[in-house]
Number of protein chains: 2
Amino acid sequence: MRALVFNDAGHPVQPTLQTDRTAPKPGPGEVLIRPTRMGVCATDLELCKGYMGFRGVLGHEFVGVVEAAGDGQSKKTGKDWVGKRVVGEINCVCGTCDMCKAGLRSHCRDRTVLGIAGRDGCFAERFVLPAVNLHEVPNNVDDDHAVFTEPLAAALQVVRQLKIEGRPYITVLGDGRLGLLCAQVLSRLNATVRVVGKHEPKLRLCEKWGIPARLLGDVGLRKDQDIVVDATGSATGLTTAMQMVRPRGTLVLKTTVAPGSTPPHTPASDGVKPRAERSEAPDQTSIDLSPLVIDEIHVIGSRCGPFRDALQTLSAGHVDVVSLVTRRMKLADGVDVLRAANQPGALKVLLEP
Amino acid sequence: MRALVFNDAGHPVQPTLQTDRTAPKPGPGEVLIRPTRMGVCATDLELCKGYMGFRGVLGHEFVGVVEAAGDGQSKKTGKDWVGKRVVGEINCVCGTCDMCKAGLRSHCRDRTVLGIAGRDGCFAERFVLPAVNLHEVPNNVDDDHAVFTEPLAAALQVVRQLKIEGRPYITVLGDGRLGLLCAQVLSRLNATVRVVGKHEPKLRLCEKWGIPARLLGDVGLRKDQDIVVDATGSATGLTTAMQMVRPRGTLVLKTTVAPGSTPPHTPASDGVKPRAERSEAPDQTSIDLSPLVIDEIHVIGSRCGPFRDALQTLSAGHVDVVSLVTRRMKLADGVDVLRAANQPGALKVLLEP
């Protein structure tokens with residue numbers, strides 16, 4: 001089968017399209033999935049720069065059909081799922097560690113993550129996932145919408161983690177894929193939401209949605225926002241965010257910044273630089289975190305979110321994901337897919353098998 | 001009068017003992033205070049390295065007697081205070097900005113801070129402070145205890161900001177002045193508290209108080225602590241703390257890290273390096289903050305705290321501050337006072353006028 005793989009075949013290590021990869025077999029409790037639509041995320045691009053030291057099939061955003069099931073014990077695993085149209089949570093967990101037992105399964109100590117850590121991903125004609133990770137897609141949510149379930153869940157996680165009191169001023173910093181999803185879900189709260197970004201065309205999408213949007217250069221950094229969501233995917237995002245949030249305000253981090261990687265790893269963020277710039281220029285910057293202490297800022301790290309809520313949101317038509325689709329490509333296009341997602345103006349690149 | 005001053009008289013700028021400084025006059029709403037005991041804080045040492053760009057009389061920890069009052073309107077200002085033994089909050093606020101009106105006076109937009117920002121401090125024979133900042137010291141709290149009100153309040157701020165559920169595991173990272181105060185107040189909660197530090201003699205103080213204490217090299221970094229308080233005063237403290245706190249755990253930042261300053265500014269922390277090391281070696285390190293996002297850590301910046309609670313805690317004898325006193329010196333000892341506080345094993349250096 002075809003699969004977009006990041007492994008040691010090339011020197012330097014680089015993503016390649018394999019055409020003769022053996023299809024995986026579902027193990028106990030797992031199902032075999034034929035993806036019908038896949039989405040490219042900034043994390044995929046970061047993995048190709050060495051993030052997480054990942055090797056294997058890329059991809060973690062998908063909607064697909066269950067084709068077969070491995071052996072399973074519980075009634076929720078196994079044949080029940082065959083033939084159903086599904087999306088799937090990406091963290092594959094042990095169920096027995098302290099985190100799993102505490103109900104924090106996405107923080108499982110022994111997890112693998114679809115196409116990100118220790119497990120082949122979905123940019124292939126077939127892939128496997130534990131049946132417990134699956135969610136059936138409602139009939140009124142088509143594939144082009146359902147493929148946004150994972151990044152939309154990540155945006156909804158921000159809503160779930162925030163405590164909204166009064167009518168706070170919220171700035172979403174960053175106009176990439178994730179920032180625009182965050183802005184849409186946050187604008188449904190009792191809050192005054194704006195997006196601050198760097199790309200006029202992306203900010204015009206906000207205008208269409210009725211969400212105020214401004215260029216970063218045009219706004220004052222006045223420490224007057226109750227909540228700032230850093231979805232920039234840039235190492236400088238946090239510094240800017242600290243200049244925007246008020247004392248005792250809340251700063252939500254969706255950007256993961258690793259030293260030596262500028263700009264860094266943000267699921268669904270944009271603006272990832274090509275490989276060469278990173279490997280040759282080790283990070284010389286360091287962030288002054290003293291404003292966090294002086295202004296007694298509350299920082300909330302935020303990662304994966306609730307798939308069920310995301311599917312309900314898509315089913316209810318509460319977000320516009322169609323406008324986020326920049327290109328529609330084929331798995332056979334291989335690494336061109338990653339290049340397309342890496343373009344400055346790109347939002348979501350969708351893949352068909 | 002005598003005053004320990006950091007100003008541009010010397011080249012390079014360095015602290016000096018002035019003996020002929022004119023005593024200040026209290027303005028409207030202010031009082032003139034004769035300090036009877038003062039404490040040296042790591043922030044004082046950091047100011048002498050350029051932190052905050054401060055110029056003027058150093059010092060913000062004191063207990064003293066009110067000698068005179070300027071003109072004041074409210075009954076709480078003015079003559080009522082004369083003759084009383086007081087401690088004083090260090091943030092001098094406008095009372096009219098959005099922060100003051102929101103009850104967040106310590107975050108006043110236009111604040112000056114005693115001996116730290118825009119206002120002469122207490123390392124002098126006399127100094128002035130707004131009368132609204134004052135708290136009368138209970139009779140059973142002597143000067144050697146009362147002088148700890150400000151750093152103890154900073155430690156109590158951690159308690160005030162935390163939400164304790166169940167019986168959490170708490171690690172206080174750092175065995176300096178502030179770490180040891182934090183450990184003492186946290187150990188009174190329904191929690192399992194330990195101190196992790198680098199200095200055997202300081203950790204033995206914990207043993208005396210019945211608080212488990214371990215050397216950093218002897219503990220595993222297992223992401224298993226519910227709460228970690230970073231009171232290291234070191235740029236590397238945050239990285240260690242992120243390796244100790246569990247996913248979805250809470251990390252309290254008492255350390256302010258400014259780039260180019262290693263180790264950095266921590267009120268009441270120890271281990272501050274001499275001037276030369278800093279100015280000649282710009283910070284080459286940068287911190288990988290991605291664990292905050294991946295593990296969805298809650299970070300709480302924490303600064304000044306409640307003086308009233310601190311005085312009650314001292315009055316009730318709930319903390320041992322006497323054991324923290326390393327040296328007792330005179331204002332006339334001048335810069336030797338700062339050198340003494342800068343010694344590796346030093347905890348609190350107290351000053352008498």
# chains A, B, ... in the order shown; residues from 1 in each chain; ligands from 1
>>> residues_around(residues="region 153-157 of chain A", least_positions_apart="5", cutoff="7 Å", atoms="only C-alpha atoms", output="VMD selection string")
chain A and resid 178 181 to 182 185 302 to 307 310
>>> closest_residue(among="A:His135, A:Arg328, A:His199, A:Arg204", to="Leu350 (chain A)", atoms="only C-alpha atoms")
A:Arg328
>>> residues_around(residues="Gly27 (chain A)", least_positions_apart="2", cutoff="12 Å", atoms="only C-alpha atoms", output="PyMOL selection string")
chain A and resi 24-25+29-32+68-73+77-78+127-131
>>> write_last_selection(atoms="all heavy atoms", output="short mmCIF file (atom, residue, chain, number, x, y, z; two decimals), in the first residue's frame")
data_model
loop_
_atom_site.label_atom_id
_atom_site.label_comp_id
_atom_site.auth_asym_id
_atom_site.auth_seq_id
_atom_site.Cartn_x
_atom_site.Cartn_y
_atom_site.Cartn_z
N PRO A 24 -0.89 -2.89 7.73
CA PRO A 24 -0.80 -3.42 9.09
C PRO A 24 -1.97 -4.35 9.41
O PRO A 24 -3.01 -4.31 8.74
CB PRO A 24 -0.87 -2.16 9.95
CG PRO A 24 -1.68 -1.19 9.15
CD PRO A 24 -1.36 -1.49 7.70
N LYS A 25 -1.77 -5.18 10.42
CA LYS A 25 -2.85 -6.06 10.90
C LYS A 25 -3.28 -5.58 12.28
O LYS A 25 -2.43 -5.32 13.13
CB LYS A 25 -2.35 -7.50 10.98
CG LYS A 25 -2.25 -8.19 9.63
CD LYS A 25 -2.09 -9.70 9.80
CE LYS A 25 -2.22 -10.44 8.48
NZ LYS A 25 -1.63 -9.75 7.31
N GLY A 29 -8.03 -5.89 20.30
CA GLY A 29 -8.63 -4.62 20.69
C GLY A 29 -8.46 -3.51 19.67
O GLY A 29 -8.92 -2.40 19.88
N GLU A 30 -7.77 -3.81 18.56
CA GLU A 30 -7.55 -2.79 17.54
C GLU A 30 -8.47 -3.02 16.33
O GLU A 30 -9.00 -4.10 16.14
CB GLU A 30 -6.10 -2.82 17.05
CG GLU A 30 -5.09 -2.29 18.08
CD GLU A 30 -3.68 -2.26 17.53
OE1 GLU A 30 -3.37 -3.06 16.60
OE2 GLU A 30 -2.88 -1.45 18.02
N VAL A 31 -8.61 -1.96 15.54
CA VAL A 31 -9.34 -2.08 14.28
C VAL A 31 -8.46 -1.59 13.13
O VAL A 31 -7.54 -0.81 13.33
CB VAL A 31 -10.66 -1.28 14.29
CG1 VAL A 31 -11.63 -1.82 15.34
CG2 VAL A 31 -10.39 0.20 14.51
N LEU A 32 -8.78 -2.10 11.93
CA LEU A 32 -8.11 -1.65 10.71
C LEU A 32 -9.00 -0.59 10.07
O LEU A 32 -10.20 -0.81 9.87
CB LEU A 32 -7.92 -2.82 9.75
CG LEU A 32 -7.17 -2.51 8.44
CD1 LEU A 32 -5.69 -2.28 8.70
CD2 LEU A 32 -7.38 -3.63 7.42
N ALA A 68 -11.89 -3.89 9.46
CA ALA A 68 -11.72 -5.19 10.12
C ALA A 68 -11.35 -4.94 11.58
O ALA A 68 -10.95 -3.83 11.94
CB ALA A 68 -10.62 -5.99 9.43
N ALA A 69 -11.52 -5.97 12.39
CA ALA A 69 -11.18 -5.83 13.80
C ALA A 69 -10.29 -6.99 14.22
O ALA A 69 -10.44 -8.11 13.75
CB ALA A 69 -12.45 -5.82 14.64
N GLY A 70 -9.35 -6.69 15.12
CA GLY A 70 -8.55 -7.75 15.72
C GLY A 70 -9.33 -8.39 16.85
O GLY A 70 -10.52 -8.09 17.08
N ASP A 71 -8.69 -9.29 17.54
CA ASP A 71 -9.37 -9.92 18.67
C ASP A 71 -9.55 -8.90 19.78
O ASP A 71 -8.66 -8.12 20.09
CB ASP A 71 -8.53 -11.10 19.19
CG ASP A 71 -8.35 -12.15 18.10
OD1 ASP A 71 -9.25 -12.26 17.25
OD2 ASP A 71 -7.31 -12.83 18.11
N GLY A 72 -10.73 -8.92 20.41
CA GLY A 72 -10.97 -7.98 21.49
C GLY A 72 -11.81 -8.62 22.57
O GLY A 72 -12.54 -9.57 22.30
N GLN A 73 -11.68 -8.12 23.78
CA GLN A 73 -12.44 -8.71 24.88
C GLN A 73 -13.79 -8.00 25.10
O GLN A 73 -14.82 -8.64 25.18
CB GLN A 73 -11.64 -8.65 26.19
CG GLN A 73 -10.42 -9.55 26.18
CD GLN A 73 -9.17 -8.82 25.69
OE1 GLN A 73 -9.24 -7.71 25.17
NE2 GLN A 73 -8.01 -9.44 25.85
N THR A 77 -15.02 -3.33 21.62
CA THR A 77 -13.97 -3.62 20.65
C THR A 77 -14.51 -4.67 19.71
O THR A 77 -15.47 -5.36 20.02
CB THR A 77 -12.71 -4.15 21.34
OG1 THR A 77 -13.04 -5.35 22.05
CG2 THR A 77 -12.15 -3.14 22.32
N GLY A 78 -13.87 -4.77 18.58
CA GLY A 78 -14.25 -5.88 17.71
C GLY A 78 -15.25 -5.54 16.64
O GLY A 78 -15.31 -4.41 16.16
N PHE A 127 -4.54 1.83 8.23
CA PHE A 127 -3.78 1.94 9.48
C PHE A 127 -4.63 1.35 10.60
O PHE A 127 -5.81 1.07 10.42
CB PHE A 127 -3.39 3.38 9.78
CG PHE A 127 -4.55 4.28 10.12
CD1 PHE A 127 -4.87 4.56 11.44
CD2 PHE A 127 -5.34 4.83 9.12
CE1 PHE A 127 -5.95 5.37 11.76
CE2 PHE A 127 -6.42 5.63 9.44
CZ PHE A 127 -6.73 5.91 10.76
N VAL A 128 -3.99 1.15 11.76
CA VAL A 128 -4.73 0.55 12.88
C VAL A 128 -4.78 1.51 14.07
O VAL A 128 -3.91 2.38 14.23
CB VAL A 128 -4.11 -0.80 13.33
CG1 VAL A 128 -4.19 -1.83 12.21
CG2 VAL A 128 -2.69 -0.62 13.84
N LEU A 129 -5.81 1.33 14.87
CA LEU A 129 -6.02 2.15 16.07
C LEU A 129 -6.84 1.31 17.05
O LEU A 129 -7.66 0.49 16.62
CB LEU A 129 -6.80 3.42 15.67
CG LEU A 129 -6.68 4.66 16.56
CD1 LEU A 129 -5.26 5.17 16.65
CD2 LEU A 129 -7.60 5.76 16.04
N PRO A 130 -6.64 1.49 18.36
CA PRO A 130 -7.49 0.77 19.32
C PRO A 130 -8.96 1.15 19.13
O PRO A 130 -9.27 2.33 18.92
CB PRO A 130 -6.98 1.24 20.68
CG PRO A 130 -5.57 1.70 20.43
CD PRO A 130 -5.60 2.28 19.05
N ALA A 131 -9.84 0.17 19.22
CA ALA A 131 -11.26 0.44 19.04
C ALA A 131 -11.80 1.41 20.09
O ALA A 131 -12.72 2.18 19.80
CB ALA A 131 -12.04 -0.88 19.09
#
>>> residues_around(residues="Ala183 (chain B)", least_positions_apart="5", cutoff="10 Å", atoms="only C-alpha atoms", output="PDB file with N, CA, C and O atoms, in the first residue's frame")
ATOM      1  N   ALA B 155       5.574  33.995  50.959  1.00  0.00           N
ATOM      2  CA  ALA B 155       5.398  32.540  51.062  1.00  0.00           C
ATOM      3  C   ALA B 155       3.919  32.201  51.230  1.00  0.00           C
ATOM      4  O   ALA B 155       3.407  31.256  50.614  1.00  0.00           O
ATOM      5  N   ILE B 170       3.488  17.756  47.527  1.00  0.00           N
ATOM      6  CA  ILE B 170       4.052  19.064  47.170  1.00  0.00           C
ATOM      7  C   ILE B 170       5.567  19.027  47.337  1.00  0.00           C
ATOM      8  O   ILE B 170       6.067  18.604  48.383  1.00  0.00           O
ATOM      9  N   THR B 171       6.284  19.447  46.301  1.00  0.00           N
ATOM     10  CA  THR B 171       7.730  19.632  46.420  1.00  0.00           C
ATOM     11  C   THR B 171       8.054  21.116  46.380  1.00  0.00           C
ATOM     12  O   THR B 171       7.624  21.825  45.470  1.00  0.00           O
ATOM     13  N   VAL B 172       8.777  21.572  47.395  1.00  0.00           N
ATOM     14  CA  VAL B 172       9.348  22.917  47.343  1.00  0.00           C
ATOM     15  C   VAL B 172      10.758  22.756  46.798  1.00  0.00           C
ATOM     16  O   VAL B 172      11.608  22.108  47.422  1.00  0.00           O
ATOM     17  N   LEU B 173      10.981  23.313  45.623  1.00  0.00           N
ATOM     18  CA  LEU B 173      12.276  23.190  44.966  1.00  0.00           C
ATOM     19  C   LEU B 173      13.095  24.431  45.300  1.00  0.00           C
ATOM     20  O   LEU B 173      12.732  25.542  44.914  1.00  0.00           O
ATOM     21  N   GLY B 174      14.193  24.212  46.046  1.00  0.00           N
ATOM     22  CA  GLY B 174      15.014  25.348  46.477  1.00  0.00           C
ATOM     23  C   GLY B 174      15.019  25.456  47.987  1.00  0.00           C
ATOM     24  O   GLY B 174      13.966  25.453  48.627  1.00  0.00           O
ATOM     25  N   ASP B 175      16.224  25.523  48.562  1.00  0.00           N
ATOM     26  CA  ASP B 175      16.345  25.564  50.019  1.00  0.00           C
ATOM     27  C   ASP B 175      16.872  26.911  50.498  1.00  0.00           C
ATOM     28  O   ASP B 175      17.524  27.004  51.530  1.00  0.00           O
ATOM     29  N   LEU B 178      13.370  31.869  50.860  1.00  0.00           N
ATOM     30  CA  LEU B 178      11.963  31.802  50.490  1.00  0.00           C
ATOM     31  C   LEU B 178      11.471  30.357  50.448  1.00  0.00           C
ATOM     32  O   LEU B 178      10.364  30.053  50.893  1.00  0.00           O
ATOM     33  N   ARG B 188       1.831  23.071  56.867  1.00  0.00           N
ATOM     34  CA  ARG B 188       0.677  23.180  57.761  1.00  0.00           C
ATOM     35  C   ARG B 188      -0.634  22.849  57.054  1.00  0.00           C
ATOM     36  O   ARG B 188      -1.693  22.824  57.676  1.00  0.00           O
ATOM     37  N   VAL B 193       4.476  17.327  52.129  1.00  0.00           N
ATOM     38  CA  VAL B 193       5.411  18.340  51.641  1.00  0.00           C
ATOM     39  C   VAL B 193       6.845  17.858  51.819  1.00  0.00           C
ATOM     40  O   VAL B 193       7.188  17.254  52.853  1.00  0.00           O
ATOM     41  N   ARG B 194       7.674  18.100  50.820  1.00  0.00           N
ATOM     42  CA  ARG B 194       9.108  17.864  50.968  1.00  0.00           C
ATOM     43  C   ARG B 194       9.859  19.040  50.341  1.00  0.00           C
ATOM     44  O   ARG B 194       9.318  19.755  49.495  1.00  0.00           O
ATOM     45  N   VAL B 195      11.091  19.209  50.784  1.00  0.00           N
ATOM     46  CA  VAL B 195      11.966  20.224  50.204  1.00  0.00           C
ATOM     47  C   VAL B 195      13.063  19.505  49.432  1.00  0.00           C
ATOM     48  O   VAL B 195      13.616  18.506  49.911  1.00  0.00           O
ATOM     49  N   CYS B 206      15.197  21.718  57.753  1.00  0.00           N
ATOM     50  CA  CYS B 206      13.914  21.062  57.482  1.00  0.00           C
ATOM     51  C   CYS B 206      13.733  19.862  58.401  1.00  0.00           C
ATOM     52  O   CYS B 206      12.647  19.633  58.939  1.00  0.00           O
ATOM     53  N   TRP B 209      12.454  20.817  61.567  1.00  0.00           N
ATOM     54  CA  TRP B 209      11.036  21.191  61.542  1.00  0.00           C
ATOM     55  C   TRP B 209      10.124  19.995  61.241  1.00  0.00           C
ATOM     56  O   TRP B 209       8.908  20.162  61.134  1.00  0.00           O
ATOM     57  N   ILE B 211      10.129  18.389  58.387  1.00  0.00           N
ATOM     58  CA  ILE B 211       9.757  18.403  56.966  1.00  0.00           C
ATOM     59  C   ILE B 211      10.779  17.579  56.189  1.00  0.00           C
ATOM     60  O   ILE B 211      11.972  17.880  56.233  1.00  0.00           O
ATOM     61  N   PRO B 212      10.340  16.530  55.496  1.00  0.00           N
ATOM     62  CA  PRO B 212      11.290  15.728  54.718  1.00  0.00           C
ATOM     63  C   PRO B 212      12.049  16.592  53.720  1.00  0.00           C
ATOM     64  O   PRO B 212      11.467  17.479  53.092  1.00  0.00           O
ATOM     65  N   ALA B 213      13.347  16.349  53.612  1.00  0.00           N
ATOM     66  CA  ALA B 213      14.171  17.141  52.707  1.00  0.00           C
ATOM     67  C   ALA B 213      15.193  16.239  52.053  1.00  0.00           C
ATOM     68  O   ALA B 213      15.741  15.333  52.683  1.00  0.00           O
ATOM     69  N   VAL B 229       6.718  23.954  43.816  1.00  0.00           N
ATOM     70  CA  VAL B 229       6.969  25.384  43.988  1.00  0.00           C
ATOM     71  C   VAL B 229       8.423  25.647  43.619  1.00  0.00           C
ATOM     72  O   VAL B 229       9.342  25.131  44.261  1.00  0.00           O
ATOM     73  N   VAL B 319       5.717  29.621  62.529  1.00  0.00           N
ATOM     74  CA  VAL B 319       6.916  29.390  61.724  1.00  0.00           C
ATOM     75  C   VAL B 319       8.153  29.742  62.552  1.00  0.00           C
ATOM     76  O   VAL B 319       8.095  30.570  63.464  1.00  0.00           O
TER      77      VAL B 319
END
>>> atom_distance(atom1="CA of Asp309 (chain A)", atom2="CA of Pro138 (chain A)")
12.2 Å
>>> closest_residue(among="A:Glu61, A:Asp44, A:Asp288, A:Glu352", to="chain B", atoms="only C-alpha atoms")
A:Asp288
>>> select_by_dssp(residues="region 10-228 of chain B", states="alpha helix (DSSP H)", output="ChimeraX atom specification")
/B:42-47,98-101,143-146,149-161,177-186,200-209
>>> select_by_dssp(residues="region 89-164 of chain A", states="strand (DSSP E)", output="list in words")
Asn91, Cys92, Thr112, Val113, Phe127, Val128, Leu129, Pro130, Leu134, His135 and Glu136 of chain A
>>> residues_around(residues="Val87 (chain A)", least_positions_apart="3", cutoff="7 Å", atoms="only C-alpha atoms", output="PyMOL selection string")
chain A and resi 62-64+134-137
>>> closest_residue(among="A:Gly301, A:Pro35, A:Gly83, A:Pro28", to="chain B", atoms="only C-alpha atoms")
A:Gly301
>>> residues_around(residues="Gln225 (chain B)", least_positions_apart="5", cutoff="12 Å", atoms="only C-alpha atoms", output="PyMOL selection string")
chain B and resi 167-173+191-195+219-220+240-251+297
>>> write_last_selection(atoms="C-alpha atoms", output="mmCIF file, in the first residue's frame")
data_model
loop_
_atom_site.group_PDB
_atom_site.id
_atom_site.type_symbol
_atom_site.label_atom_id
_atom_site.label_comp_id
_atom_site.auth_asym_id
_atom_site.auth_seq_id
_atom_site.Cartn_x
_atom_site.Cartn_y
_atom_site.Cartn_z
ATOM 1 C CA ARG B 167 -3.823 15.314 50.154
ATOM 2 C CA PRO B 168 -1.475 16.435 47.409
ATOM 3 C CA TYR B 169 2.239 15.741 47.130
ATOM 4 C CA ILE B 170 4.052 19.064 47.170
ATOM 5 C CA THR B 171 7.730 19.632 46.420
ATOM 6 C CA VAL B 172 9.348 22.917 47.343
ATOM 7 C CA LEU B 173 12.276 23.190 44.966
ATOM 8 C CA ALA B 191 -0.489 17.863 52.109
ATOM 9 C CA THR B 192 2.664 15.756 51.920
ATOM 10 C CA VAL B 193 5.411 18.340 51.641
ATOM 11 C CA ARG B 194 9.108 17.864 50.968
ATOM 12 C CA VAL B 195 11.966 20.224 50.204
ATOM 13 C CA VAL B 219 15.596 12.343 44.017
ATOM 14 C CA GLY B 220 14.092 10.896 40.874
ATOM 15 C CA THR B 240 13.746 20.720 36.917
ATOM 16 C CA ALA B 241 10.282 21.619 38.190
ATOM 17 C CA MET B 242 8.714 20.534 34.879
ATOM 18 C CA GLN B 243 10.416 17.152 35.315
ATOM 19 C CA MET B 244 8.925 16.777 38.793
ATOM 20 C CA VAL B 245 5.319 17.869 38.374
ATOM 21 C CA ARG B 246 2.761 15.351 37.158
ATOM 22 C CA PRO B 247 0.668 15.882 34.023
ATOM 23 C CA ARG B 248 -2.150 18.355 34.837
ATOM 24 C CA GLY B 249 -0.247 19.267 37.994
ATOM 25 C CA THR B 250 0.464 22.767 39.287
ATOM 26 C CA LEU B 251 3.732 24.642 39.166
ATOM 27 C CA ILE B 297 0.644 22.023 33.409
#
>>> closest_residue(among="A:Thr313, A:Ala124, A:Ser323, A:Asp295", to="Arg105 (chain B)", atoms="only C-alpha atoms")
A:Asp295
>>> residues_around(residues="Arg2 (chain A)", least_positions_apart="5", cutoff="7 Å", atoms="only C-alpha atoms", output="PyMOL selection string")
chain A and resi 17-21+124-125
>>> write_last_selection(atoms="all heavy atoms", output="PDB file, in the first residue's frame")
ATOM      1  N   LEU A  17       7.408   8.931  -0.021  1.00  0.00           N
ATOM      2  CA  LEU A  17       6.210   8.163  -0.329  1.00  0.00           C
ATOM      3  C   LEU A  17       6.620   6.732  -0.635  1.00  0.00           C
ATOM      4  O   LEU A  17       7.342   6.479  -1.600  1.00  0.00           O
ATOM      5  CB  LEU A  17       5.489   8.765  -1.540  1.00  0.00           C
ATOM      6  CG  LEU A  17       4.215   8.030  -1.951  1.00  0.00           C
ATOM      7  CD1 LEU A  17       3.109   8.241  -0.922  1.00  0.00           C
ATOM      8  CD2 LEU A  17       3.756   8.480  -3.331  1.00  0.00           C
ATOM      9  N   GLN A  18       6.192   5.816   0.217  1.00  0.00           N
ATOM     10  CA  GLN A  18       6.418   4.397  -0.076  1.00  0.00           C
ATOM     11  C   GLN A  18       5.182   3.868  -0.788  1.00  0.00           C
ATOM     12  O   GLN A  18       4.058   4.249  -0.467  1.00  0.00           O
ATOM     13  CB  GLN A  18       6.645   3.608   1.212  1.00  0.00           C
ATOM     14  CG  GLN A  18       7.956   3.924   1.910  1.00  0.00           C
ATOM     15  CD  GLN A  18       8.210   3.014   3.103  1.00  0.00           C
ATOM     16  OE1 GLN A  18       7.382   2.171   3.444  1.00  0.00           O
ATOM     17  NE2 GLN A  18       9.359   3.191   3.727  1.00  0.00           N
ATOM     18  N   THR A  19       5.393   2.983  -1.742  1.00  0.00           N
ATOM     19  CA  THR A  19       4.237   2.450  -2.477  1.00  0.00           C
ATOM     20  C   THR A  19       4.047   0.962  -2.229  1.00  0.00           C
ATOM     21  O   THR A  19       3.029   0.394  -2.609  1.00  0.00           O
ATOM     22  CB  THR A  19       4.407   2.676  -3.992  1.00  0.00           C
ATOM     23  OG1 THR A  19       5.678   2.127  -4.398  1.00  0.00           O
ATOM     24  CG2 THR A  19       4.383   4.164  -4.316  1.00  0.00           C
ATOM     25  N   ASP A  20       5.034   0.376  -1.570  1.00  0.00           N
ATOM     26  CA  ASP A  20       4.988  -1.081  -1.407  1.00  0.00           C
ATOM     27  C   ASP A  20       4.976  -1.485   0.065  1.00  0.00           C
ATOM     28  O   ASP A  20       5.434  -2.551   0.435  1.00  0.00           O
ATOM     29  CB  ASP A  20       6.203  -1.709  -2.098  1.00  0.00           C
ATOM     30  CG  ASP A  20       7.513  -1.135  -1.565  1.00  0.00           C
ATOM     31  OD1 ASP A  20       7.459  -0.113  -0.825  1.00  0.00           O
ATOM     32  OD2 ASP A  20       8.589  -1.684  -1.873  1.00  0.00           O
ATOM     33  N   ARG A  21       4.475  -0.590   0.908  1.00  0.00           N
ATOM     34  CA  ARG A  21       4.462  -0.888   2.334  1.00  0.00           C
ATOM     35  C   ARG A  21       3.363  -1.921   2.620  1.00  0.00           C
ATOM     36  O   ARG A  21       2.262  -1.846   2.081  1.00  0.00           O
ATOM     37  CB  ARG A  21       4.195   0.387   3.131  1.00  0.00           C
ATOM     38  CG  ARG A  21       4.546   0.264   4.611  1.00  0.00           C
ATOM     39  CD  ARG A  21       4.434   1.602   5.311  1.00  0.00           C
ATOM     40  NE  ARG A  21       4.653   1.499   6.741  1.00  0.00           N
ATOM     41  CZ  ARG A  21       5.821   1.735   7.343  1.00  0.00           C
ATOM     42  NH1 ARG A  21       6.873   2.098   6.626  1.00  0.00           N
ATOM     43  NH2 ARG A  21       5.933   1.611   8.657  1.00  0.00           N
ATOM     44  N   ALA A 124      -1.800   6.795   5.030  1.00  0.00           N
ATOM     45  CA  ALA A 124      -1.577   5.505   4.383  1.00  0.00           C
ATOM     46  C   ALA A 124      -2.928   4.989   3.915  1.00  0.00           C
ATOM     47  O   ALA A 124      -3.980   5.518   4.305  1.00  0.00           O
ATOM     48  CB  ALA A 124      -0.942   4.519   5.365  1.00  0.00           C
ATOM     49  N   GLU A 125      -2.901   3.937   3.091  1.00  0.00           N
ATOM     50  CA  GLU A 125      -4.185   3.421   2.618  1.00  0.00           C
ATOM     51  C   GLU A 125      -4.924   2.685   3.728  1.00  0.00           C
ATOM     52  O   GLU A 125      -6.156   2.598   3.709  1.00  0.00           O
ATOM     53  CB  GLU A 125      -3.955   2.532   1.398  1.00  0.00           C
ATOM     54  CG  GLU A 125      -3.507   3.368   0.194  1.00  0.00           C
ATOM     55  CD  GLU A 125      -3.232   2.524  -1.042  1.00  0.00           C
ATOM     56  OE1 GLU A 125      -4.199   2.100  -1.699  1.00  0.00           O
ATOM     57  OE2 GLU A 125      -2.038   2.275  -1.320  1.00  0.00           O
TER      58      GLU A 125
END
>>> atom_distance(atom1="CA of Gly59 (chain A)", atom2="CA of Gly115 (chain A)")
4.9 Å
